[in-house]
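Written below as structure tokens is the structure these notes are about.
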Amino acid sequence: MLIWHTVLIAQDRFPRPEFESGYEYPTHQLPLQRAVWLEYFDVGVLIAALSLSAWLALKRRSRQGLIWVAVFSLAYFGFYREGCICAVGSVQNVAMALFNRDYSIPLTALLFFLIPLIFAIAFGRVFCAGICPFGAIQELTGFRPVKLPKAVESVMAAIPFVYLALAVLFAATKSQFIICRYDPFVGIFRLDAPFTMIIFGALLLLSGIFINRPYCRYLCPYGVLLNLFSRFAGRHLTITPAECTDCRLCEDSCPYDAILPSDSSVYIEQPVKSRRRFIIYMILVPVFIAAGAFVFYNMAPVLSRVNNDVHLAREIRAENEKGIEAISKAAVAFKESGNTEGELFAQEMNVIRRFRKASPWAGAFLGLALGISLVSLTVRSTRTGYRPHQGKCYSCGRCFKYCPVEPNNRR
Amino acid sequence: MKGDKNIYQSRREFVRRAGKIIAVASLAAIPLALIRKTSAAGFVWQIDPHKCTRCGQCKTNCVKTPSAVKCTHAYIMCGYCDLCGGYLRQGVKTISTGAENQLCPTGAITRKFVEEPYFEYTIKDELCNACGKCVQGCNDFGNGSLYLQIHQDLCDNCNDCSIARRCPSQAISRVPADQQYIQKDKS
């Protein structure tokens, strides 16, 4: 009875004073969030910048204009909005909303996810050109482009697929937002980040002076989606404003290896041979899918360790079984909280079950991507003239000035 | 030869068109699937002061420096004590505003005489670093009128609040944006 009594009054030990001097309680206003309409203003700025960028890349053909757009969006979406809200991270919000009933996605996040993709399917990756603050900061610091060997380039280009698969998997299982957490440039935009992330961002920018846009090419998970959608773009930036004369002047102008040569200059395989290879690779696609799903299904318990509950449950179990004392703050708080270990382990099993269900899809996606990229090697191209690779082209406009047909280049 | 080329062209055209239709369909499907799950006003992160254990993680884990979490004072709950557990260190020799007596490491709490024997305590938001020492002191020895809140003008509203991820008592959760604070004196 006495204990109960003290708990009741614990927060009210001293009576409220009765002031005689006519003292009035100060009223303190707690500051409110940034006004909601400003977030819709951001969406408006995004649409305007994308439209301008598409016009500059496709119609006006002005690299200089695109650079100024990049400067603007670096200032606005980068330093002013501090890299948040961004389309790259919105992938996770969409994944989390699609697979979780209790999470409702902010409308602005959904719009930031959709609008650049809509522009990609209409005009190519104009978002990457300079609207994305990551693209902008790397575009503006890529001074001395060097080309990487083709083999290195293709292997590194597979990383974003893995990153996307893991990001969606972790967001869908409500475990982590890895894209936001390991965002290299947000620390630069905020001028404030953990030491390791600042180092990572600075290293990326420094290597980006030579290997242009390292994040976009070898990490960006949203780039995977843009790449895919941009391949079906209705209209896309062209290297030459008129008919390509195969002069080969633009051949080495692209730092991203996104210029496809005219077919006359590449070796054409015997149709029978390539047809056979095509069939073999087509059979391999389902094999890759199955293999990916199998590997990821078995990796599910390992992957699930990124989840906080699983992490805590493992710590508690290690204490029970091996006598390693659980000293992390989460473990100490868990012991004090009065929740039973049974509940925690049940929750852990629940998370692992969700991972078992979700991770084969991530593996299957990776297998499918690998299979399709193999198949595409056997497809004979029928290009005339030099064209940008619609998936890889960032619409940066570096190639414009190399074209002798370009009226802007004539003196 | 000419017919052969046409077959290639139309097949390519078919694949391209099919791809485009699938892409557009998936783009249209996402908003349709999410139409009931979108919220226009959105949510913000906030600390439930009744769950908070003053562990000090708010000071170090916020992506902002200093933290977006600040100490807040519910005046109406305050005892206006002279010997304030949130303002003074334990076992001070004299009850005065001397720096050596103050509990707050940044001197963010100011003390003003109201009338005998009452003193008013005010938090300077710009100095507060969310260490939670005063909150602990006030809860241990006083009425618990000091508590931590995430200041929404400072909060970046991260997808995954990095304090919430470390918060051992799960005191931080998303709250609807029309009620951005969980105020002790109003609950």
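Identifiers in the structure tokens: chain A, B, ... in order shown; residue index from 1 per chain; ligand index from 1 in order shown.
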Under the rule of at most 6 Å, produce a per-residue listing of chain B near chain A: chain, number, name, the closest pair of atoms, and the distance in Å, as CSV, using only C-alpha atoms.
residue,atom,partner,partner_atom,distance
B:Lys20,CA,A:Phe232,CA,5.4
B:Lys37,CA,A:Ser104,CA,4.6
B:Thr38,CA,A:Ile105,CA,4.8
B:Ser39,CA,A:Pro106,CA,5.1
B:Ala40,CA,A:Leu107,CA,5.3
B:Gly42,CA,A:Pro106,CA,5.2
B:Gly79,CA,A:Phe14,CA,5.4
B:Asn143,CA,A:Gln11,CA,4.5
B:Gly144,CA,A:Gln11,CA,5.4
B:Gln152,CA,A:Gln33,CA,4.6
B:Asp153,CA,A:Gln33,CA,4.8
B:Pro168,CA,A:Ala330,CA,4.5
>> I want to know what sits within 10 Å of Thr53 in chain B, based on only C-alpha atoms, with residues of the same chain fewer than 5 positions away left out; could you give that as number ranges by chain?
In response: A: 333; B: 132, 135-136, 139, 167-171
Sel. of alpha helix (DSSP H) residues, range 169-285 of chain A, as a PDB file with C-alpha atoms, in the first residue's frame:
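See part-v1.pdb below for the written result:
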ATOM      1  CA  LEU A 169      14.200  -6.070 -48.401  1.00  0.00           C
ATOM      2  CA  PHE A 170      15.235  -4.217 -45.240  1.00  0.00           C
ATOM      3  CA  ALA A 171      12.587  -1.521 -45.677  1.00  0.00           C
ATOM      4  CA  ALA A 172       9.836  -4.037 -46.437  1.00  0.00           C
ATOM      5  CA  ILE A 178      20.210   1.636 -45.378  1.00  0.00           C
ATOM      6  CA  ILE A 179      20.062   4.162 -48.234  1.00  0.00           C
ATOM      7  CA  CYS A 180      19.517   7.015 -45.773  1.00  0.00           C
ATOM      8  CA  ARG A 181      21.904   5.662 -43.205  1.00  0.00           C
ATOM      9  CA  VAL A 186      24.104  14.172 -46.924  1.00  0.00           C
ATOM     10  CA  GLY A 187      26.832  14.918 -44.398  1.00  0.00           C
ATOM     11  CA  ILE A 188      28.349  17.397 -46.831  1.00  0.00           C
ATOM     12  CA  PHE A 189      24.961  19.032 -47.423  1.00  0.00           C
ATOM     13  CA  ARG A 190      24.318  19.340 -43.690  1.00  0.00           C
ATOM     14  CA  PHE A 195      33.327  11.019 -39.086  1.00  0.00           C
ATOM     15  CA  THR A 196      33.329   7.842 -41.172  1.00  0.00           C
ATOM     16  CA  MET A 197      30.512   9.085 -43.403  1.00  0.00           C
ATOM     17  CA  ILE A 198      32.323  12.379 -44.043  1.00  0.00           C
ATOM     18  CA  ILE A 199      35.429  10.408 -45.033  1.00  0.00           C
ATOM     19  CA  PHE A 200      33.358   8.145 -47.297  1.00  0.00           C
ATOM     20  CA  GLY A 201      31.685  11.133 -48.973  1.00  0.00           C
ATOM     21  CA  ALA A 202      34.963  12.981 -49.411  1.00  0.00           C
ATOM     22  CA  LEU A 203      36.655   9.891 -50.897  1.00  0.00           C
ATOM     23  CA  LEU A 204      33.772   9.437 -53.329  1.00  0.00           C
ATOM     24  CA  LEU A 205      33.995  13.065 -54.406  1.00  0.00           C
ATOM     25  CA  LEU A 206      37.784  12.888 -54.774  1.00  0.00           C
ATOM     26  CA  SER A 207      37.662   9.704 -56.847  1.00  0.00           C
ATOM     27  CA  GLY A 208      34.792  11.312 -58.762  1.00  0.00           C
ATOM     28  CA  PRO A 214      31.023   7.009 -58.761  1.00  0.00           C
ATOM     29  CA  TYR A 215      27.852   7.013 -56.652  1.00  0.00           C
ATOM     30  CA  CYS A 216      25.505   7.131 -59.642  1.00  0.00           C
ATOM     31  CA  ARG A 217      27.323   4.401 -61.524  1.00  0.00           C
ATOM     32  CA  TYR A 218      28.344   1.972 -58.833  1.00  0.00           C
ATOM     33  CA  PRO A 221      19.829   2.010 -56.100  1.00  0.00           C
ATOM     34  CA  TYR A 222      17.290   4.426 -57.578  1.00  0.00           C
ATOM     35  CA  GLY A 223      19.472   4.580 -60.694  1.00  0.00           C
ATOM     36  CA  VAL A 224      18.561   0.935 -61.353  1.00  0.00           C
ATOM     37  CA  LEU A 225      14.916   1.910 -61.723  1.00  0.00           C
ATOM     38  CA  LEU A 226      15.716   5.023 -63.769  1.00  0.00           C
ATOM     39  CA  ASN A 227      17.969   2.942 -66.010  1.00  0.00           C
ATOM     40  CA  LEU A 228      15.154   0.479 -66.610  1.00  0.00           C
ATOM     41  CA  PHE A 229      12.493   3.077 -67.322  1.00  0.00           C
ATOM     42  CA  SER A 230      14.753   5.251 -69.421  1.00  0.00           C
ATOM     43  CA  PRO A 271      23.495 -15.516 -86.698  1.00  0.00           C
ATOM     44  CA  VAL A 272      23.360 -19.285 -86.083  1.00  0.00           C
ATOM     45  CA  LYS A 273      25.965 -19.108 -83.354  1.00  0.00           C
ATOM     46  CA  SER A 274      24.334 -16.194 -81.595  1.00  0.00           C
ATOM     47  CA  ARG A 275      20.928 -17.831 -81.895  1.00  0.00           C
ATOM     48  CA  ARG A 276      22.265 -20.895 -80.090  1.00  0.00           C
ATOM     49  CA  ARG A 277      23.795 -18.739 -77.391  1.00  0.00           C
ATOM     50  CA  PHE A 278      20.532 -16.863 -77.051  1.00  0.00           C
ATOM     51  CA  ILE A 279      18.626 -20.103 -76.415  1.00  0.00           C
ATOM     52  CA  ILE A 280      21.187 -21.313 -73.882  1.00  0.00           C
ATOM     53  CA  TYR A 281      21.066 -18.033 -71.997  1.00  0.00           C
ATOM     54  CA  MET A 282      17.274 -17.997 -72.085  1.00  0.00           C
ATOM     55  CA  ILE A 283      17.277 -21.415 -70.420  1.00  0.00           C
ATOM     56  CA  LEU A 284      19.759 -20.081 -67.878  1.00  0.00           C
ATOM     57  CA  VAL A 285      17.458 -17.215 -66.809  1.00  0.00           C
TER      58      VAL A 285
END
> Got a sec to tell me which of range 16-185 of chain B DSSP assigns to strand (DSSP E), as JSON, numbers by chain?
Replying inline: {"B": [38, 39, 43, 44, 45, 46, 47, 69, 70, 71, 72, 73, 109, 110, 111, 112, 113, 114, 115, 118, 119, 120, 121, 122, 123, 146, 147, 148, 149, 150, 172, 173, 174, 175, 176]}
> Hey, can you check how far CA of Asp125 in chain B sits from CA of Asp178 in chain B?
Replying inline: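 Separation of CA of Asp125 in chain B and CA of Asp178 in chain B: 22.4 Å.
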>> From the options A:Tyr182, A:Tyr402, A:Phe288, A:Tyr394, which residue's atoms come nearest to Asp160 in chain B, counting only C-alpha atoms?
In response: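 The answer is A:Tyr182, which sits nearest to Asp160 in chain B.
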